[in-house]
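J.: Have a peek at target05.txt (compact mmCIF, C-alpha atoms).
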# COMPACT_ATOMS: atom_id res chain seq x y z
CA MET A 1 -1.64 0.51 -6.12
CA LEU A 2 -4.18 3.19 -5.53
CA LYS A 3 -3.24 6.83 -5.00
CA ARG A 4 -4.17 6.73 -1.32
CA THR A 5 -1.82 3.82 -0.64
CA HIS A 6 1.03 5.47 -2.54
CA LEU A 7 0.53 8.64 -0.51
CA ALA A 8 0.30 6.82 2.83
CA ILE A 9 3.55 4.96 2.13
CA ALA A 10 5.22 8.15 0.87
CA VAL A 11 4.16 10.06 4.01
CA PHE A 12 5.73 7.31 6.11
CA VAL A 13 9.06 7.61 4.27
CA ILE A 14 8.88 11.43 4.32
CA LEU A 15 8.34 11.36 8.08
CA LEU A 16 11.44 9.17 8.47
CA PHE A 17 13.60 11.70 6.61
CA ILE A 18 11.97 15.01 7.62
CA PRO A 19 14.08 15.51 10.77
CA HIS A 20 17.22 15.41 8.61
CA VAL A 21 16.31 17.91 5.87
CA ASN A 22 16.67 21.69 5.91
CA ASN A 23 13.61 22.85 3.99
CA LYS A 24 10.92 20.52 5.30
CA LEU A 25 8.01 22.07 3.38
CA VAL A 26 9.73 21.93 -0.03
CA PHE A 27 11.02 18.41 0.67
CA THR A 28 7.53 17.19 1.57
CA PHE A 29 5.85 18.90 -1.39
CA VAL A 30 8.35 17.58 -3.95
CA ALA A 31 8.31 14.03 -2.54
CA LEU A 32 4.49 13.91 -2.56
CA ILE A 33 4.27 15.21 -6.13
CA ALA A 34 6.99 12.78 -7.23
CA THR A 35 5.15 9.85 -5.70
CA LEU A 36 2.18 10.57 -7.97
CA LEU A 37 4.21 11.20 -11.16
CA PRO A 38 4.82 7.61 -12.32
CA ASP A 39 1.09 7.22 -12.96
CA ILE A 40 1.25 9.99 -15.56
CA ASP A 41 1.10 7.14 -18.08
CA LEU A 42 -2.39 6.13 -16.88
CA SER A 43 -5.30 8.12 -18.32
CA ASP A 44 -7.50 7.90 -15.21
CA SER A 45 -4.83 8.77 -12.63
CA THR A 46 -4.76 12.09 -10.78
CA VAL A 47 -1.89 13.42 -12.88
CA GLY A 48 -2.52 11.41 -16.04
CA LYS A 49 -6.08 12.60 -16.61
CA ARG A 50 -4.82 16.04 -17.62
CA LYS A 51 -5.29 16.50 -21.38
CA GLY A 52 -1.69 17.53 -21.91
CA PHE A 53 -0.52 13.99 -21.12
CA ARG A 54 -2.78 12.15 -23.61
CA LEU A 55 -0.09 12.19 -26.29
CA LEU A 56 2.44 10.67 -23.89
CA GLN A 57 -0.06 7.95 -22.96
CA PHE A 58 -0.54 7.15 -26.64
CA PHE A 59 3.17 6.32 -26.99
CA VAL A 60 3.91 4.79 -23.58
CA GLU A 61 2.14 1.87 -21.95
CA HIS A 62 1.24 1.90 -18.25
CA ARG A 63 4.02 0.47 -16.10
CA GLY A 64 6.47 0.78 -18.95
CA PRO A 65 9.46 3.15 -19.07
CA ILE A 66 7.86 5.74 -16.78
CA HIS A 67 7.53 3.08 -14.07
CA SER A 68 11.26 2.38 -14.04
CA LEU A 69 14.21 3.19 -11.84
CA THR A 70 15.99 4.07 -15.07
CA LEU A 71 13.81 7.15 -15.59
CA CYS A 72 13.78 7.94 -11.87
CA ILE A 73 17.58 8.02 -11.77
CA ILE A 74 17.89 10.03 -15.00
CA ILE A 75 15.46 12.70 -13.77
CA SER A 76 17.11 12.77 -10.33
CA ILE A 77 20.55 13.29 -11.87
CA ILE A 78 19.25 16.12 -14.08
CA LEU A 79 17.58 17.72 -11.05
CA SER A 80 20.80 17.42 -9.06
CA PHE A 81 22.56 19.67 -11.59
CA PHE A 82 19.88 22.36 -11.81
CA PHE A 83 17.93 22.08 -8.53
CA PRO A 84 20.09 20.05 -6.13
CA THR A 85 17.84 20.66 -3.13
CA LEU A 86 14.94 18.97 -4.96
CA ALA A 87 16.80 15.93 -6.31
CA PHE A 88 16.70 13.72 -3.21
CA ALA A 89 13.05 14.49 -2.45
CA PHE A 90 12.13 13.69 -6.05
CA PHE A 91 14.13 10.45 -6.02
CA LEU A 92 12.58 9.41 -2.72
CA GLY A 93 8.97 10.06 -3.76
CA TYR A 94 9.32 8.52 -7.22
CA SER A 95 11.19 5.44 -6.05
CA VAL A 96 8.72 4.80 -3.21
CA HIS A 97 5.96 4.68 -5.83
CA LEU A 98 7.98 2.19 -7.89
CA LEU A 99 8.79 0.04 -4.89
CA SER A 100 5.12 -0.05 -3.90
CA ASP A 101 4.01 -1.02 -7.41
CA SER A 102 6.59 -3.80 -7.52
CA PHE A 103 4.50 -5.67 -4.94
CA THR A 104 1.42 -5.75 -7.20
CA LYS A 105 0.48 -8.48 -9.67
CA ASP A 106 1.26 -6.19 -12.63
CA GLY A 107 4.65 -5.25 -11.21
CA ILE A 108 7.17 -2.93 -12.85
CA MET A 109 10.17 -3.14 -15.18
CA PRO A 110 12.71 -1.50 -12.85
CA PHE A 111 15.59 -1.41 -15.31
CA TRP A 112 13.77 -0.49 -18.52
CA PRO A 113 14.59 -1.03 -21.42
CA TYR A 114 15.48 -4.43 -19.96
CA ASP A 115 11.99 -5.98 -19.97
CA LYS A 116 12.30 -8.23 -16.89
CA LYS A 117 9.36 -7.50 -14.57
CA VAL A 118 9.43 -7.48 -10.81
CA SER A 119 6.05 -8.35 -9.32
CA TRP A 120 4.34 -10.04 -6.44
CA ARG A 121 0.79 -11.07 -5.59
CA LEU A 122 -0.87 -7.91 -4.31
CA LYS A 123 -4.07 -7.01 -6.16
CA THR A 124 -4.49 -3.30 -6.81
CA GLY A 125 -7.56 -2.10 -4.90
CA GLY A 126 -7.94 -5.44 -3.14
CA VAL A 127 -8.41 -6.27 0.53
CA ILE A 128 -4.68 -6.66 1.18
CA GLU A 129 -3.91 -3.28 -0.36
CA SER A 130 -6.65 -1.70 1.75
CA SER A 131 -5.05 -3.29 4.81
CA VAL A 132 -1.62 -1.98 3.79
CA PHE A 133 -3.13 1.50 3.42
CA LEU A 134 -4.77 1.31 6.84
CA VAL A 135 -1.57 0.12 8.55
CA PHE A 136 0.52 2.90 6.96
CA LEU A 137 -2.14 5.49 7.82
CA ILE A 138 -2.08 4.48 11.48
CA VAL A 139 1.72 4.38 11.57
CA ASP A 140 1.84 7.80 9.84
CA ILE A 141 -0.39 9.32 12.50
CA PHE A 142 1.68 7.94 15.39
CA LEU A 143 4.99 8.83 13.72
CA ALA A 144 3.78 12.38 12.99
CA ILE A 145 2.73 12.81 16.61
CA PHE A 146 6.08 11.47 17.83
CA ILE A 147 8.01 13.81 15.51
CA PHE A 148 5.84 16.80 16.48
CA LEU A 149 6.34 16.13 20.18
CA SER A 150 10.11 15.78 19.79
CA PHE A 151 10.49 19.31 18.38
Spit out the file's structure as structure tokens when you get a sec.
T.:
Amino acid sequence: MLKRTHLAIAVFVILLFIPHVNNKLVFTFVALIATLLPDIDLSDSTVGKRKGFRLLQFFVEHRGPIHSLTLCIIISIILSFFFPTLAFAFFLGYSVHLLSDSFTKDGIMPFWPYDKKVSWRLKTGGVIESSVFLVFLIVDIFLAIFIFLSF
């Protein structure tokens, strides 16, 4: 999926959880960053185009181990020991990215190193993805207004 769709879906999930977290700004920031992180293995992604990640991209294929729940869980557990307030936000953002990508034709290997892929029929950048983005954007706006008015 494209960055905009990942972010729109992540904002939706963040808005669902935001009333229940203490530090809303940190939670939102960490979840949004985490939702972009799995594409670090793609050289033309927002995060992956940084020169420091070229070596990683040489060794890891796109939608390989970095696009797995295995890595998401490992990082979340490590964060829970050192930065417990960040762990859930990280897990949420990262896993939302993975869930979204599982609906695309390329899919993901959720339990890497087990190489079974989970995929569907959605074409990245296609008409259906654009529709998904638009729907989530509209829902995000209404949900944000509802949450703002309830405070």
J.: Please identify all polymer residues within 8 Å of Lys3 in chain A, counting only C-alpha atoms, omitting same-chain residues fewer than 3 positions from it, and present them as a list in words.
T.: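 Contacts, in chain order: His6, Leu7, Leu36 and Thr46 of chain A.
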J.: Give me, as a list in words, all polymer residues having an atom no more than 10 Å from Asp140 in chain A, counting only C-alpha atoms and skipping those fewer than 2 positions away in the same chain.
T.: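 Listed by chain and then number, they are Ala8, Ile9, Ala10, Val11, Phe12, Val13, Ile14, Leu15, Leu16, Leu134, Val135, Phe136, Leu137, Ile138, Phe142, Leu143, Ala144, Ile145 and Phe146 of chain A.
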J.: Which residues, protein or nucleic acid, reach to within 12 Å of (10.5, -0.5, -18.6) in the file's coordinates when using all atoms listed in the file, and can you give that as a ChimeraX atom specification?
T.: /A:38,60-72,98,107-118
J.: Find the spatial neighbours of Leu122 in chain A, counting all atoms listed in the file, within a cut-off of 10 Å - ignore same-chain residues fewer than 6 positions away - and output them as a list of chain:residue names.
T.: A:Met1, A:Ser100, A:Asp101, A:Ser102, A:Phe103, A:Thr104, A:Lys105, A:Asp106, A:Gly107, A:Ile128, A:Glu129
J.: Between CA of Thr5 in chain A and CA of Val132 in chain A, what distance in Å does the model show, to one decimal?
T.: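 These atoms are spaced 7.3 Å apart.
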J.: Could you check the closest approach to His20 in chain A for each of A:Phe88, A:Phe133, A:Phe82, A:Tyr94 and tell me which residue wins, using all atoms listed in the file?
T.: A:Phe88
J.: With C-alpha atoms retained, output range 41-82 of chain A as an mmCIF file, in the first residue's frame.
T.:
data_model
loop_
_atom_site.group_PDB
_atom_site.id
_atom_site.type_symbol
_atom_site.label_atom_id
_atom_site.label_comp_id
_atom_site.auth_asym_id
_atom_site.auth_seq_id
_atom_site.Cartn_x
_atom_site.Cartn_y
_atom_site.Cartn_z
ATOM 1 C CA ASP A 41 13.345 -2.272 3.358
ATOM 2 C CA LEU A 42 12.151 -0.385 0.252
ATOM 3 C CA SER A 43 14.633 2.060 -1.283
ATOM 4 C CA ASP A 44 12.020 4.556 -2.506
ATOM 5 C CA SER A 45 9.906 4.692 0.665
ATOM 6 C CA THR A 46 9.851 7.720 2.960
ATOM 7 C CA VAL A 47 12.037 6.026 5.563
ATOM 8 C CA GLY A 48 13.924 3.657 3.265
ATOM 9 C CA LYS A 49 15.323 6.318 0.951
ATOM 10 C CA ARG A 50 17.718 7.484 3.674
ATOM 11 C CA LYS A 51 21.270 6.447 2.751
ATOM 12 C CA GLY A 52 21.873 4.798 6.106
ATOM 13 C CA PHE A 53 19.399 2.041 5.235
ATOM 14 C CA ARG A 54 20.928 1.034 1.869
ATOM 15 C CA LEU A 55 23.031 -1.680 3.488
ATOM 16 C CA LEU A 56 19.971 -3.172 5.176
ATOM 17 C CA GLN A 57 18.111 -3.155 1.850
ATOM 18 C CA PHE A 58 21.006 -5.013 0.239
ATOM 19 C CA PHE A 59 20.556 -7.908 2.682
ATOM 20 C CA VAL A 60 16.770 -7.914 3.141
ATOM 21 C CA GLU A 61 14.134 -8.155 0.436
ATOM 22 C CA HIS A 62 10.997 -6.006 0.517
ATOM 23 C CA ARG A 63 8.170 -7.686 2.409
ATOM 24 C CA GLY A 64 10.576 -10.148 3.941
ATOM 25 C CA PRO A 65 11.505 -10.345 7.638
ATOM 26 C CA ILE A 66 10.883 -6.644 8.283
ATOM 27 C CA HIS A 67 7.282 -7.086 7.113
ATOM 28 C CA SER A 68 6.568 -9.748 9.723
ATOM 29 C CA LEU A 69 4.739 -9.982 13.005
ATOM 30 C CA THR A 70 7.807 -11.829 14.238
ATOM 31 C CA LEU A 71 9.931 -8.668 14.095
ATOM 32 C CA CYS A 72 7.046 -6.499 15.302
ATOM 33 C CA ILE A 73 6.633 -8.637 18.416
ATOM 34 C CA ILE A 74 10.381 -8.842 19.101
ATOM 35 C CA ILE A 75 10.801 -5.060 18.898
ATOM 36 C CA SER A 76 7.654 -4.492 20.988
ATOM 37 C CA ILE A 77 8.921 -6.830 23.716
ATOM 38 C CA ILE A 78 12.315 -5.090 23.789
ATOM 39 C CA LEU A 79 10.580 -1.699 23.977
ATOM 40 C CA SER A 80 8.382 -2.938 26.817
ATOM 41 C CA PHE A 81 11.496 -3.538 28.942
ATOM 42 C CA PHE A 82 13.217 -0.218 28.252
#
